[in-house]
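This is target-v7.cif (mmCIF, C-alpha atoms and all ligand atoms).
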```cif
data_coords
loop_
_atom_site.group_PDB
_atom_site.id
_atom_site.type_symbol
_atom_site.label_atom_id
_atom_site.label_comp_id
_atom_site.auth_asym_id
_atom_site.auth_seq_id
_atom_site.Cartn_x
_atom_site.Cartn_y
_atom_site.Cartn_z
ATOM 1 C CA MET A 41 -10.011 -1.324 35.352
ATOM 2 C CA HIS A 42 -7.938 -1.903 32.205
ATOM 3 C CA LYS A 43 -10.008 -2.767 29.125
ATOM 4 C CA VAL A 44 -7.832 -5.087 27.048
ATOM 5 C CA ILE A 45 -8.035 -6.599 23.569
ATOM 6 C CA PHE A 46 -5.615 -9.531 23.456
ATOM 7 C CA ASP A 47 -4.142 -10.189 19.998
ATOM 8 C CA THR A 48 -2.565 -13.627 20.228
ATOM 9 C CA ASP A 49 -1.286 -16.727 18.419
ATOM 10 C CA PRO A 50 -1.894 -19.515 20.968
ATOM 11 C CA GLY A 51 0.724 -20.814 21.466
ATOM 12 C CA VAL A 52 1.829 -22.164 24.854
ATOM 13 C CA ASP A 53 3.139 -18.958 26.443
ATOM 14 C CA ASP A 54 0.120 -17.191 24.912
ATOM 15 C CA ALA A 55 -2.111 -19.594 26.865
ATOM 16 C CA MET A 56 -0.537 -18.618 30.178
ATOM 17 C CA ALA A 57 -0.921 -14.935 29.267
ATOM 18 C CA LEU A 58 -4.582 -15.471 28.421
ATOM 19 C CA LEU A 59 -5.288 -17.106 31.766
ATOM 20 C CA PHE A 60 -3.454 -14.256 33.524
ATOM 21 C CA LEU A 61 -5.580 -11.633 31.738
ATOM 22 C CA HIS A 62 -8.767 -13.547 32.471
ATOM 23 C CA ARG A 63 -7.996 -13.947 36.160
ATOM 24 C CA HIS A 64 -6.494 -10.552 36.965
ATOM 25 C CA PRO A 65 -9.065 -8.557 38.966
ATOM 26 C CA GLU A 66 -8.135 -5.212 37.381
ATOM 27 C CA ILE A 67 -8.318 -6.434 33.781
ATOM 28 C CA ASP A 68 -11.501 -6.462 31.740
ATOM 29 C CA LEU A 69 -10.771 -8.693 28.749
ATOM 30 C CA VAL A 70 -13.116 -7.213 26.143
ATOM 31 C CA GLY A 71 -11.930 -9.230 23.151
ATOM 32 C CA ILE A 72 -9.498 -11.777 21.820
ATOM 33 C CA THR A 73 -8.202 -11.531 18.279
ATOM 34 C CA THR A 74 -6.134 -14.261 16.694
ATOM 35 C CA THR A 75 -2.996 -13.888 14.695
ATOM 36 C CA VAL A 76 -0.420 -16.080 13.045
ATOM 37 C CA GLY A 77 2.972 -17.165 14.323
ATOM 38 C CA ASN A 78 3.122 -20.232 16.488
ATOM 39 C CA ALA A 79 0.711 -21.975 14.103
ATOM 40 C CA PRO A 80 -1.456 -21.062 11.092
ATOM 41 C CA ILE A 81 -4.593 -18.975 11.628
ATOM 42 C CA ASP A 82 -7.138 -21.806 11.644
ATOM 43 C CA ILE A 83 -5.177 -23.528 14.416
ATOM 44 C CA THR A 84 -4.508 -20.430 16.546
ATOM 45 C CA THR A 85 -8.205 -19.520 16.282
ATOM 46 C CA ARG A 86 -9.291 -23.055 17.194
ATOM 47 C CA ASN A 87 -6.906 -22.925 20.158
ATOM 48 C CA ALA A 88 -8.278 -19.583 21.346
ATOM 49 C CA LEU A 89 -11.826 -20.947 21.152
ATOM 50 C CA PHE A 90 -10.778 -24.119 22.973
ATOM 51 C CA LEU A 91 -9.046 -22.243 25.793
ATOM 52 C CA ALA A 92 -11.901 -19.763 26.137
ATOM 53 C CA GLN A 93 -14.347 -22.621 26.439
ATOM 54 C CA ALA A 94 -12.202 -24.557 28.911
ATOM 55 C CA TRP A 95 -11.610 -21.483 31.071
ATOM 56 C CA SER A 96 -15.114 -19.965 30.726
ATOM 57 C CA ILE A 97 -13.808 -16.780 29.131
ATOM 58 C CA GLU A 98 -16.766 -14.854 27.751
ATOM 59 C CA ALA A 99 -14.889 -12.297 25.615
ATOM 60 C CA PRO A 100 -15.659 -12.458 21.887
ATOM 61 C CA ILE A 101 -12.986 -14.046 19.695
ATOM 62 C CA ALA A 102 -12.347 -12.707 16.182
ATOM 63 C CA GLN A 103 -10.155 -14.491 13.671
ATOM 64 C CA GLY A 104 -7.264 -12.542 12.200
ATOM 65 C CA PHE A 105 -5.622 -12.419 8.804
ATOM 66 C CA GLY A 106 -3.728 -15.588 7.967
ATOM 67 C CA GLU A 107 -1.162 -14.054 5.616
ATOM 68 C CA LYS A 108 1.404 -11.286 5.912
ATOM 69 C CA PHE A 109 0.752 -7.539 5.629
ATOM 70 C CA ASP A 110 3.070 -7.312 2.603
ATOM 71 C CA ALA A 111 1.353 -9.445 -0.053
ATOM 72 C CA GLY A 112 4.734 -10.284 -1.560
ATOM 73 C CA ARG A 113 5.769 -12.332 1.486
ATOM 74 C CA ARG A 114 4.741 -15.922 2.157
ATOM 75 C CA ASN A 115 4.302 -17.803 5.433
ATOM 76 C CA GLY A 116 7.264 -19.988 6.269
ATOM 77 C CA PRO A 117 7.335 -23.251 8.272
ATOM 78 C CA TRP A 118 5.616 -23.208 11.692
ATOM 79 C CA PRO A 119 7.582 -23.667 14.951
ATOM 80 C CA THR A 120 6.045 -27.071 15.730
ATOM 81 C CA PHE A 121 9.227 -28.060 17.589
ATOM 82 C CA ILE A 122 8.454 -25.348 20.191
ATOM 83 C CA HIS A 123 4.643 -25.318 20.487
ATOM 84 C CA GLY A 124 3.798 -28.779 19.100
ATOM 85 C CA ASP A 125 1.918 -29.709 15.925
ATOM 86 C CA ASN A 126 -1.328 -28.326 17.356
ATOM 87 C CA GLY A 127 0.176 -25.147 18.876
ATOM 88 C CA LEU A 128 -0.701 -26.285 22.402
ATOM 89 C CA GLY A 129 2.019 -28.780 23.177
ATOM 90 C CA ASN A 130 0.237 -31.705 21.472
ATOM 91 C CA ILE A 131 -2.355 -32.136 24.232
ATOM 92 C CA SER A 132 -5.584 -33.669 23.034
ATOM 93 C CA ILE A 133 -8.090 -31.074 21.804
ATOM 94 C CA PRO A 134 -11.724 -32.004 21.023
ATOM 95 C CA GLU A 135 -12.611 -32.111 17.305
ATOM 96 C CA THR A 136 -15.591 -29.832 17.774
ATOM 97 C CA ILE A 137 -15.667 -26.795 19.976
ATOM 98 C CA SER A 138 -18.993 -25.209 20.774
ATOM 99 C CA ARG A 139 -17.610 -21.660 21.189
ATOM 100 C CA LYS A 140 -17.856 -19.874 17.835
ATOM 101 C CA ALA A 141 -15.822 -16.964 16.502
ATOM 102 C CA ASP A 142 -17.218 -13.454 16.086
ATOM 103 C CA PRO A 143 -18.205 -12.978 12.413
ATOM 104 C CA ARG A 144 -15.950 -9.920 12.025
ATOM 105 C CA ALA A 145 -12.334 -10.019 10.901
ATOM 106 C CA ALA A 146 -9.949 -9.284 13.780
ATOM 107 C CA HIS A 147 -8.898 -5.870 12.483
ATOM 108 C CA GLN A 148 -12.541 -4.807 12.099
ATOM 109 C CA PHE A 149 -13.295 -6.052 15.617
ATOM 110 C CA ILE A 150 -10.385 -3.935 16.874
ATOM 111 C CA ILE A 151 -11.638 -0.844 15.022
ATOM 112 C CA ASP A 152 -15.232 -1.259 16.230
ATOM 113 C CA THR A 153 -14.220 -1.871 19.841
ATOM 114 C CA VAL A 154 -11.772 1.035 19.948
ATOM 115 C CA ARG A 155 -14.351 3.385 18.417
ATOM 116 C CA ALA A 156 -16.977 2.234 20.912
ATOM 117 C CA ASN A 157 -14.571 2.872 23.836
ATOM 118 C CA PRO A 158 -12.543 5.954 22.863
ATOM 119 C CA GLY A 159 -9.418 6.421 24.984
ATOM 120 C CA GLU A 160 -10.064 3.264 27.002
ATOM 121 C CA ILE A 161 -8.696 0.246 25.128
ATOM 122 C CA THR A 162 -5.238 -1.225 25.672
ATOM 123 C CA LEU A 163 -4.139 -3.445 22.804
ATOM 124 C CA VAL A 164 -1.891 -6.244 24.026
ATOM 125 C CA ALA A 165 -0.349 -7.929 20.976
ATOM 126 C CA VAL A 166 1.763 -11.038 21.487
ATOM 127 C CA GLY A 167 1.941 -12.551 18.004
ATOM 128 C CA ARG A 168 2.683 -11.002 14.638
ATOM 129 C CA MET A 169 1.511 -7.397 14.292
ATOM 130 C CA THR A 170 -0.564 -8.101 11.159
ATOM 131 C CA ASN A 171 -4.018 -7.364 12.632
ATOM 132 C CA LEU A 172 -2.894 -4.104 14.244
ATOM 133 C CA ALA A 173 -1.337 -2.974 10.972
ATOM 134 C CA LEU A 174 -4.505 -3.836 9.038
ATOM 135 C CA ALA A 175 -6.597 -1.907 11.572
ATOM 136 C CA LEU A 176 -4.314 1.143 11.183
ATOM 137 C CA LYS A 177 -4.459 0.899 7.399
ATOM 138 C CA ALA A 178 -8.263 0.667 7.325
ATOM 139 C CA ASP A 179 -8.858 3.356 9.956
ATOM 140 C CA PRO A 180 -5.712 5.395 10.794
ATOM 141 C CA GLU A 181 -7.634 7.543 13.279
ATOM 142 C CA ILE A 182 -7.845 4.669 15.762
ATOM 143 C CA ALA A 183 -4.244 5.455 16.699
ATOM 144 C CA THR A 184 -5.552 8.538 18.504
ATOM 145 C CA LEU A 185 -8.402 6.628 20.159
ATOM 146 C CA VAL A 186 -6.434 3.746 21.690
ATOM 147 C CA LYS A 187 -5.242 4.183 25.268
ATOM 148 C CA ASP A 188 -2.054 2.124 25.002
ATOM 149 C CA VAL A 189 -0.392 -0.545 22.912
ATOM 150 C CA VAL A 190 1.793 -3.130 24.626
ATOM 151 C CA ILE A 191 3.500 -5.721 22.464
ATOM 152 C CA MET A 192 5.664 -8.770 23.058
ATOM 153 C CA GLY A 193 8.252 -8.702 20.314
ATOM 154 C CA GLY A 194 11.619 -7.457 19.264
ATOM 155 C CA ALA A 195 15.140 -7.557 20.647
ATOM 156 C CA PHE A 196 17.107 -4.336 21.116
ATOM 157 C CA ASP A 197 20.296 -4.989 23.065
ATOM 158 C CA VAL A 198 20.248 -8.802 22.868
ATOM 159 C CA PRO A 199 20.276 -11.308 19.979
ATOM 160 C CA GLY A 200 17.079 -12.430 18.285
ATOM 161 C CA ASN A 201 15.544 -15.881 18.551
ATOM 162 C CA VAL A 202 14.848 -16.728 14.907
ATOM 163 C CA THR A 203 17.926 -15.061 13.451
ATOM 164 C CA PRO A 204 20.879 -13.463 15.244
ATOM 165 C CA THR A 205 19.081 -10.120 14.903
ATOM 166 C CA ALA A 206 15.338 -10.807 14.848
ATOM 167 C CA GLU A 207 12.656 -11.968 17.281
ATOM 168 C CA ALA A 208 9.861 -14.238 15.977
ATOM 169 C CA ASN A 209 6.809 -11.949 16.261
ATOM 170 C CA ILE A 210 8.557 -9.137 14.402
ATOM 171 C CA HIS A 211 10.419 -11.343 11.930
ATOM 172 C CA GLY A 212 7.097 -12.993 11.008
ATOM 173 C CA ASP A 213 5.716 -9.735 9.582
ATOM 174 C CA PRO A 214 8.312 -6.931 9.569
ATOM 175 C CA GLU A 215 6.306 -4.422 7.492
ATOM 176 C CA ALA A 216 3.342 -4.754 9.859
ATOM 177 C CA ALA A 217 5.581 -4.225 12.884
ATOM 178 C CA ASP A 218 7.241 -1.155 11.365
ATOM 179 C CA LEU A 219 3.826 0.426 10.767
ATOM 180 C CA VAL A 220 2.709 -0.336 14.328
ATOM 181 C CA LEU A 221 5.905 1.073 15.886
ATOM 182 C CA THR A 222 5.799 4.285 13.846
ATOM 183 C CA ALA A 223 2.078 5.050 14.213
ATOM 184 C CA PRO A 224 1.042 8.013 16.404
ATOM 185 C CA TRP A 225 0.013 5.953 19.418
ATOM 186 C CA ARG A 226 1.926 4.993 22.544
ATOM 187 C CA VAL A 227 3.665 1.619 22.219
ATOM 188 C CA THR A 228 5.613 -0.247 24.863
ATOM 189 C CA VAL A 229 7.765 -3.053 23.519
ATOM 190 C CA VAL A 230 8.321 -5.976 25.867
ATOM 191 C CA GLY A 231 10.961 -7.890 23.964
ATOM 192 C CA LEU A 232 13.597 -10.551 24.452
ATOM 193 C CA ASP A 233 15.727 -8.052 26.427
ATOM 194 C CA VAL A 234 13.428 -8.744 29.377
ATOM 195 C CA THR A 235 11.376 -11.834 28.564
ATOM 196 C CA MET A 236 14.424 -14.106 28.353
ATOM 197 C CA GLN A 237 15.103 -13.311 32.013
ATOM 198 C CA THR A 238 11.665 -14.480 33.089
ATOM 199 C CA VAL A 239 11.534 -18.243 33.507
ATOM 200 C CA MET A 240 8.809 -20.254 35.229
ATOM 201 C CA MET A 241 10.311 -23.529 36.453
ATOM 202 C CA ARG A 242 8.543 -26.805 35.645
ATOM 203 C CA SER A 243 8.318 -27.639 39.344
ATOM 204 C CA ASP A 244 6.735 -24.238 40.106
ATOM 205 C CA LEU A 245 4.071 -24.705 37.470
ATOM 206 C CA ALA A 246 3.331 -28.196 38.799
ATOM 207 C CA LYS A 247 2.824 -26.705 42.290
ATOM 208 C CA LEU A 248 0.531 -24.032 40.859
ATOM 209 C CA ALA A 249 -1.490 -26.751 39.120
ATOM 210 C CA LYS A 250 -1.993 -28.555 42.434
ATOM 211 C CA ALA A 251 -3.115 -25.374 44.148
ATOM 212 C CA GLY A 252 -5.021 -23.816 41.246
ATOM 213 C CA GLY A 253 -7.373 -26.593 40.150
ATOM 214 C CA ALA A 254 -8.514 -27.591 36.657
ATOM 215 C CA HIS A 255 -7.653 -24.281 34.926
ATOM 216 C CA VAL A 256 -4.004 -24.381 35.917
ATOM 217 C CA THR A 257 -3.809 -28.155 35.446
ATOM 218 C CA LEU A 258 -4.727 -27.659 31.790
ATOM 219 C CA LEU A 259 -2.086 -24.916 31.529
ATOM 220 C CA ASN A 260 0.479 -27.210 33.130
ATOM 221 C CA ASP A 261 -0.384 -30.082 30.769
ATOM 222 C CA LEU A 262 -0.147 -28.018 27.599
ATOM 223 C CA SER A 263 3.133 -26.431 28.727
ATOM 224 C CA GLN A 264 5.172 -29.636 29.078
ATOM 225 C CA PHE A 265 6.242 -29.885 25.424
ATOM 226 C CA TYR A 266 7.338 -26.220 25.421
ATOM 227 C CA ILE A 267 9.273 -26.713 28.664
ATOM 228 C CA ASP A 268 11.044 -29.676 27.075
ATOM 229 C CA PHE A 269 12.112 -27.358 24.232
ATOM 230 C CA TYR A 270 13.358 -24.626 26.578
ATOM 231 C CA ASN A 271 14.843 -27.112 29.033
ATOM 232 C CA HIS A 272 18.436 -27.123 27.836
ATOM 233 C CA ARG A 273 18.352 -23.362 27.143
ATOM 234 C CA VAL A 274 17.133 -21.961 30.452
ATOM 235 C CA GLY A 275 17.124 -24.876 32.904
ATOM 236 C CA ASP A 276 14.024 -26.948 33.574
ATOM 237 C CA GLY A 277 11.505 -24.226 32.919
ATOM 238 C CA MET A 278 9.736 -22.054 30.350
ATOM 239 C CA VAL A 279 10.339 -18.510 29.168
ATOM 240 C CA ILE A 280 7.024 -16.753 29.713
ATOM 241 C CA HIS A 281 7.380 -14.153 26.960
ATOM 242 C CA ASP A 282 3.745 -13.190 26.474
ATOM 243 C CA SER A 283 2.803 -13.000 30.152
ATOM 244 C CA CYS A 284 5.484 -10.322 30.621
ATOM 245 C CA ALA A 285 3.584 -8.012 28.252
ATOM 246 C CA CYS A 286 0.364 -8.623 30.200
ATOM 247 C CA VAL A 287 2.071 -7.892 33.507
ATOM 248 C CA TYR A 288 3.342 -4.592 32.071
ATOM 249 C CA VAL A 289 -0.275 -3.420 31.686
ATOM 250 C CA VAL A 290 -0.927 -3.623 35.427
ATOM 251 C CA ARG A 291 2.574 -3.232 36.886
ATOM 252 C CA PRO A 292 4.721 -1.012 34.631
ATOM 253 C CA ASP A 293 6.792 -0.188 37.708
ATOM 254 C CA LEU A 294 8.342 -3.674 37.485
ATOM 255 C CA PHE A 295 10.080 -2.693 34.220
ATOM 256 C CA LYS A 296 12.776 -0.230 33.236
ATOM 257 C CA THR A 297 12.134 1.447 29.888
ATOM 258 C CA ARG A 298 14.076 3.509 27.358
ATOM 259 C CA SER A 299 12.378 6.062 25.140
ATOM 260 C CA GLY A 300 13.096 6.587 21.457
ATOM 261 C CA ALA A 301 11.796 6.188 17.913
ATOM 262 C CA MET A 302 11.830 2.609 16.621
ATOM 263 C CA ARG A 303 12.107 1.104 13.160
ATOM 264 C CA VAL A 304 12.053 -2.441 11.844
ATOM 265 C CA VAL A 305 14.504 -3.588 9.188
ATOM 266 C CA CYS A 306 12.467 -4.891 6.238
ATOM 267 C CA GLY A 307 14.548 -7.150 4.022
ATOM 268 C CA GLY A 308 18.151 -8.294 3.815
ATOM 269 C CA ILE A 309 20.118 -10.322 6.318
ATOM 270 C CA ALA A 310 18.772 -8.304 9.266
ATOM 271 C CA ASP A 311 15.129 -8.750 8.194
ATOM 272 C CA GLY A 312 12.857 -8.185 11.201
ATOM 273 C CA MET A 313 15.474 -6.518 13.397
ATOM 274 C CA THR A 314 14.113 -3.847 15.767
ATOM 275 C CA ILE A 315 16.272 -0.756 16.188
ATOM 276 C CA GLN A 316 15.624 2.115 18.580
ATOM 277 C CA LYS A 317 17.127 5.579 18.357
ATOM 278 C CA PRO A 318 17.324 6.582 22.033
ATOM 279 C CA ASP A 319 15.972 10.100 22.664
ATOM 280 C CA VAL A 320 19.113 10.983 24.605
ATOM 281 C CA LYS A 321 21.418 10.430 21.596
ATOM 282 C CA THR A 322 21.716 12.737 18.639
ATOM 283 C CA PHE A 323 22.403 11.571 15.101
ATOM 284 C CA PRO A 324 22.467 13.187 11.675
ATOM 285 C CA PRO A 325 19.076 13.197 9.871
ATOM 286 C CA GLY A 326 17.850 9.652 9.221
ATOM 287 C CA GLU A 327 15.059 7.096 8.990
ATOM 288 C CA TRP A 328 14.011 7.485 12.645
ATOM 289 C CA ASP A 329 13.202 11.186 12.305
ATOM 290 C CA GLY A 330 9.602 12.338 12.551
ATOM 291 C CA HIS A 331 8.410 9.140 14.231
ATOM 292 C CA PRO A 332 7.032 8.989 17.776
ATOM 293 C CA SER A 333 9.197 7.975 20.701
ATOM 294 C CA GLN A 334 8.133 4.555 21.960
ATOM 295 C CA SER A 335 9.208 2.679 25.084
ATOM 296 C CA ALA A 336 11.539 -0.306 24.946
ATOM 297 C CA CYS A 337 11.691 -2.469 28.072
ATOM 298 C CA ILE A 338 15.351 -2.901 28.962
ATOM 299 C CA GLY A 339 15.047 -4.079 32.572
ATOM 300 C CA ILE A 340 12.649 -6.252 34.565
ATOM 301 C CA ASP A 341 12.129 -7.350 38.152
ATOM 302 C CA ALA A 342 11.704 -10.946 37.028
ATOM 303 C CA ASP A 343 11.065 -12.341 40.532
ATOM 304 C CA ALA A 344 8.258 -9.875 41.160
ATOM 305 C CA VAL A 345 6.744 -10.545 37.719
ATOM 306 C CA LEU A 346 6.799 -14.300 38.362
ATOM 307 C CA GLY A 347 5.346 -13.804 41.834
ATOM 308 C CA LEU A 348 2.446 -11.779 40.464
ATOM 309 C CA ILE A 349 1.735 -14.373 37.792
ATOM 310 C CA ARG A 350 1.725 -17.152 40.394
ATOM 311 C CA SER A 351 -0.772 -15.419 42.627
ATOM 312 C CA VAL A 352 -3.057 -14.374 39.772
ATOM 313 C CA LEU A 353 -3.089 -17.831 38.163
ATOM 314 C CA VAL A 354 -3.868 -19.606 41.403
ATOM 315 C CA GLU A 355 -6.017 -17.190 43.361
ATOM 316 C CA GLY A 356 -7.072 -14.568 40.845
ATOM 317 C CA LYS A 357 -5.473 -12.050 43.185
ATOM 318 C CA ALA A 358 -2.920 -9.387 42.418
ATOM 319 C CA ALA A 359 -0.950 -10.099 45.602
HETATM 320 C C1 LIG A 401 7.226 -14.962 20.810
HETATM 321 O O1 LIG A 401 7.103 -15.886 19.731
HETATM 322 C C2 LIG A 401 6.181 -16.886 20.055
HETATM 323 O O2 LIG A 401 6.747 -18.134 19.927
HETATM 324 C C3 LIG A 401 5.803 -16.713 21.486
HETATM 325 O O3 LIG A 401 4.430 -17.018 21.700
HETATM 326 C C4 LIG A 401 6.112 -15.282 21.777
HETATM 327 O O4 LIG A 401 5.008 -14.444 21.518
HETATM 328 C C5 LIG A 401 8.612 -15.078 21.396
HETATM 329 O O5 LIG A 401 9.576 -14.720 20.450
HETATM 330 CA CA CA A 402 2.773 -15.388 21.169
#
```

Would it be possible to restate this file's structure as structure tokens?
Ligand code: BDR
Ligand code: CA
Amino acid sequence: MHKVIFDTDPGVDDAMALLFLHRHPEIDLVGITTTVGNAPIDITTRNALFLAQAWSIEAPIAQGFGEKFDAGRRNGPWPTFIHGDNGLGNISIPETISRKADPRAAHQFIIDTVRANPGEITLVAVGRMTNLALALKADPEIATLVKDVVIMGGAFDVPGNVTPTAEANIHGDPEAADLVLTAPWRVTVVGLDVTMQTVMMRSDLAKLAKAGGAHVTLLNDLSQFYIDFYNHRVGDGMVIHDSCACVYVVRPDLFKTRSGAMRVVCGGIADGMTIQKPDVKTFPPGEWDGHPSQSACIGIDADAVLGLIRSVLVEGKAA
């Protein structure tokens, strides 16, 4: 069983990833922490509470930090043209939600849960890395107590999606991401190199909704706006970025990885760019030295990943 804390900014593709984690029989979702990215923190937290209530997810939900790790940076405009004004494709969401957030800040929830389960927790982070960075800053030792960190973010050998060089989750808080990638824990980065190859077609999702009942119908409804955005980019379907990171936890064999130290460019025209120094290449002394080798996903069996997601969403089976 994989004990997972899901750090997320729901977010349409985040919603699919959440349902996958909830339904996968080998995943024990022990907590959800909210972060910023697709919408501001009050909205992503409200969305997490709403989805947890709708899908009967019992895991505690802790609200994350709504600003950036570097106090000198300010939040920019939100990607409402991708995820809708409410972060969930503009579906109707009740004004009051009975599920309430855990009283702790997300980074404190992470610290407490990791310390209570030494060596057992996998952190799956699919929004900005702010909460993970705050947890490391407050309690650096947790890096040695976490089992694994798997993040959706970054772009190594392909262009970014918010600038020619940077992917949204990293660009949103570059200093936080640099701290997370250079900390002494094991990180796997599931970035645009592989997620852009993984597209769930609109017609597929509609079929899953028919077969999967109310849970998947809600997912299908909230995904329509996002599919409309991706439509002319990838055909009539949606890039399922965040679910790819969740699949990695249970099926790493479906990915090809490259090992090497990673840094994030902080500032300038390449702000938020992720750069890996592959272990197999030698360079003169530089900024990558002395940092741990992390894994970058550079290949994916997209059909198998999509097949697993389909079966887990509909049947809760890892067929
Ligand atoms: C990432 O940014 C967000 O829009 C998505 O939820 C995903 O985590 C893709 O760049
Ligand atoms: Ca996300």

Point-to-point distance from CA of Gln148 (chain A) to CA of Ile72 (chain A), Å rounded to tenths
12.3 Å

What does the PyMOL selection byres (((chain A and resi 252) around 12) and not hetatm) select in this file, as a PyMOL selection string?
chain A and resi 59+63+244-251+253-260+350-357

Name the residues, by chain letter and number, that sit within 6 Å of ligand CA 402 (chain A) using only C-alpha atoms and all ligand atoms, and give them as a PDB file with C-alpha atoms, keeping the file's coordinate frame.
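Below you can see out_30.pdb, which holds the result:
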```pdb
ATOM      1  CA  THR A  48      -2.565 -13.627  20.228  1.00  0.00           C
ATOM      2  CA  ASP A  49      -1.286 -16.727  18.419  1.00  0.00           C
ATOM      3  CA  GLY A  51       0.724 -20.814  21.466  1.00  0.00           C
ATOM      4  CA  ASP A  54       0.120 -17.191  24.912  1.00  0.00           C
ATOM      5  CA  VAL A 166       1.763 -11.038  21.487  1.00  0.00           C
ATOM      6  CA  GLY A 167       1.941 -12.551  18.004  1.00  0.00           C
ATOM      7  CA  ASP A 282       3.745 -13.190  26.474  1.00  0.00           C
TER       8      ASP A 282
END
```

List the spatial neighbours of region 220-234 of chain A as number ranges by chain - criterion: any atom at most 6 Å away, only C-alpha atoms, same-chain residues fewer than 5 positions off excluded.
A: 173, 183, 188-195, 198, 285, 331, 334-340

Report as JSON the centre and the edge lengths, in Å to one decimal, of the axis-aligned box holding every listed atom of ligand LIG 401 (chain A), padded by 6 Å on each side.
```
{"center_x": 7.0, "center_y": -16.3, "center_z": 20.8, "size_x": 17.1, "size_y": 15.7, "size_z": 14.0}
```

Run the PyMOL selection byres (((chain A and resi 133) around 12) and not hetatm) on the file and write out the hits as a PDB file with C-alpha atoms, keeping the file's coordinate frame.
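Result file follows (expr.pdb):
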```
ATOM      1  CA  ILE A  83      -5.177 -23.528  14.416  1.00  0.00           C
ATOM      2  CA  ARG A  86      -9.291 -23.055  17.194  1.00  0.00           C
ATOM      3  CA  ASN A  87      -6.906 -22.925  20.158  1.00  0.00           C
ATOM      4  CA  ALA A  88      -8.278 -19.583  21.346  1.00  0.00           C
ATOM      5  CA  LEU A  89     -11.826 -20.947  21.152  1.00  0.00           C
ATOM      6  CA  PHE A  90     -10.778 -24.119  22.973  1.00  0.00           C
ATOM      7  CA  LEU A  91      -9.046 -22.243  25.793  1.00  0.00           C
ATOM      8  CA  GLN A  93     -14.347 -22.621  26.439  1.00  0.00           C
ATOM      9  CA  ALA A  94     -12.202 -24.557  28.911  1.00  0.00           C
ATOM     10  CA  ASP A 125       1.918 -29.709  15.925  1.00  0.00           C
ATOM     11  CA  ASN A 126      -1.328 -28.326  17.356  1.00  0.00           C
ATOM     12  CA  GLY A 127       0.176 -25.147  18.876  1.00  0.00           C
ATOM     13  CA  LEU A 128      -0.701 -26.285  22.402  1.00  0.00           C
ATOM     14  CA  GLY A 129       2.019 -28.780  23.177  1.00  0.00           C
ATOM     15  CA  ASN A 130       0.237 -31.705  21.472  1.00  0.00           C
ATOM     16  CA  ILE A 131      -2.355 -32.136  24.232  1.00  0.00           C
ATOM     17  CA  SER A 132      -5.584 -33.669  23.034  1.00  0.00           C
ATOM     18  CA  PRO A 134     -11.724 -32.004  21.023  1.00  0.00           C
ATOM     19  CA  GLU A 135     -12.611 -32.111  17.305  1.00  0.00           C
ATOM     20  CA  THR A 136     -15.591 -29.832  17.774  1.00  0.00           C
ATOM     21  CA  ILE A 137     -15.667 -26.795  19.976  1.00  0.00           C
ATOM     22  CA  LEU A 258      -4.727 -27.659  31.790  1.00  0.00           C
ATOM     23  CA  ASP A 261      -0.384 -30.082  30.769  1.00  0.00           C
ATOM     24  CA  LEU A 262      -0.147 -28.018  27.599  1.00  0.00           C
TER      25      LEU A 262
END
```

The PyMOL selection byres (((chain A and resi 202) around 12) and not hetatm) on the file shown: which residues, as a ChimeraX atom specification?
/A:77,116-119,122,193-195,199-201,203-212,232,309-313

Students should find that CA of Ala55 (chain A) and CA of Thr162 (chain A) are spaced 18.7 Å

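The smallest atom-to-atom distance between Arg303 (chain A) and any of A:Val239, A:Leu219, A:Val154, A:Ile67, using only C-alpha atoms, is found for A:Leu219.
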
Can you give me N, CA, C and O atoms for region 75-81 of chain A, written as a PDB file, in the coordinates of the input?
```pdb
ATOM      1  N   THR A  75      -3.984 -14.193  15.714  1.00  0.00           N
ATOM      2  CA  THR A  75      -2.996 -13.888  14.695  1.00  0.00           C
ATOM      3  C   THR A  75      -2.149 -15.136  14.441  1.00  0.00           C
ATOM      4  O   THR A  75      -2.360 -16.186  15.037  1.00  0.00           O
ATOM      5  N   VAL A  76      -1.221 -14.975  13.538  1.00  0.00           N
ATOM      6  CA  VAL A  76      -0.420 -16.080  13.045  1.00  0.00           C
ATOM      7  C   VAL A  76       0.942 -16.029  13.719  1.00  0.00           C
ATOM      8  O   VAL A  76       1.392 -14.982  14.133  1.00  0.00           O
ATOM      9  N   GLY A  77       1.604 -17.162  13.811  1.00  0.00           N
ATOM     10  CA  GLY A  77       2.972 -17.165  14.323  1.00  0.00           C
ATOM     11  C   GLY A  77       3.350 -18.542  14.799  1.00  0.00           C
ATOM     12  O   GLY A  77       4.094 -19.258  14.143  1.00  0.00           O
ATOM     13  N   ASN A  78       2.794 -18.917  15.946  1.00  0.00           N
ATOM     14  CA  ASN A  78       3.122 -20.232  16.488  1.00  0.00           C
ATOM     15  C   ASN A  78       2.476 -21.352  15.680  1.00  0.00           C
ATOM     16  O   ASN A  78       2.926 -22.507  15.749  1.00  0.00           O
ATOM     17  N   ALA A  79       1.440 -21.011  14.937  1.00  0.00           N
ATOM     18  CA  ALA A  79       0.711 -21.975  14.103  1.00  0.00           C
ATOM     19  C   ALA A  79      -0.086 -21.155  13.091  1.00  0.00           C
ATOM     20  O   ALA A  79      -0.228 -19.938  13.253  1.00  0.00           O
ATOM     21  N   PRO A  80      -0.629 -21.812  12.047  1.00  0.00           N
ATOM     22  CA  PRO A  80      -1.456 -21.062  11.092  1.00  0.00           C
ATOM     23  C   PRO A  80      -2.767 -20.585  11.725  1.00  0.00           C
ATOM     24  O   PRO A  80      -3.150 -21.044  12.798  1.00  0.00           O
ATOM     25  N   ILE A  81      -3.461 -19.694  11.011  1.00  0.00           N
ATOM     26  CA  ILE A  81      -4.593 -18.975  11.628  1.00  0.00           C
ATOM     27  C   ILE A  81      -5.750 -19.885  12.023  1.00  0.00           C
ATOM     28  O   ILE A  81      -6.400 -19.659  13.046  1.00  0.00           O
TER      29      ILE A  81
END
```
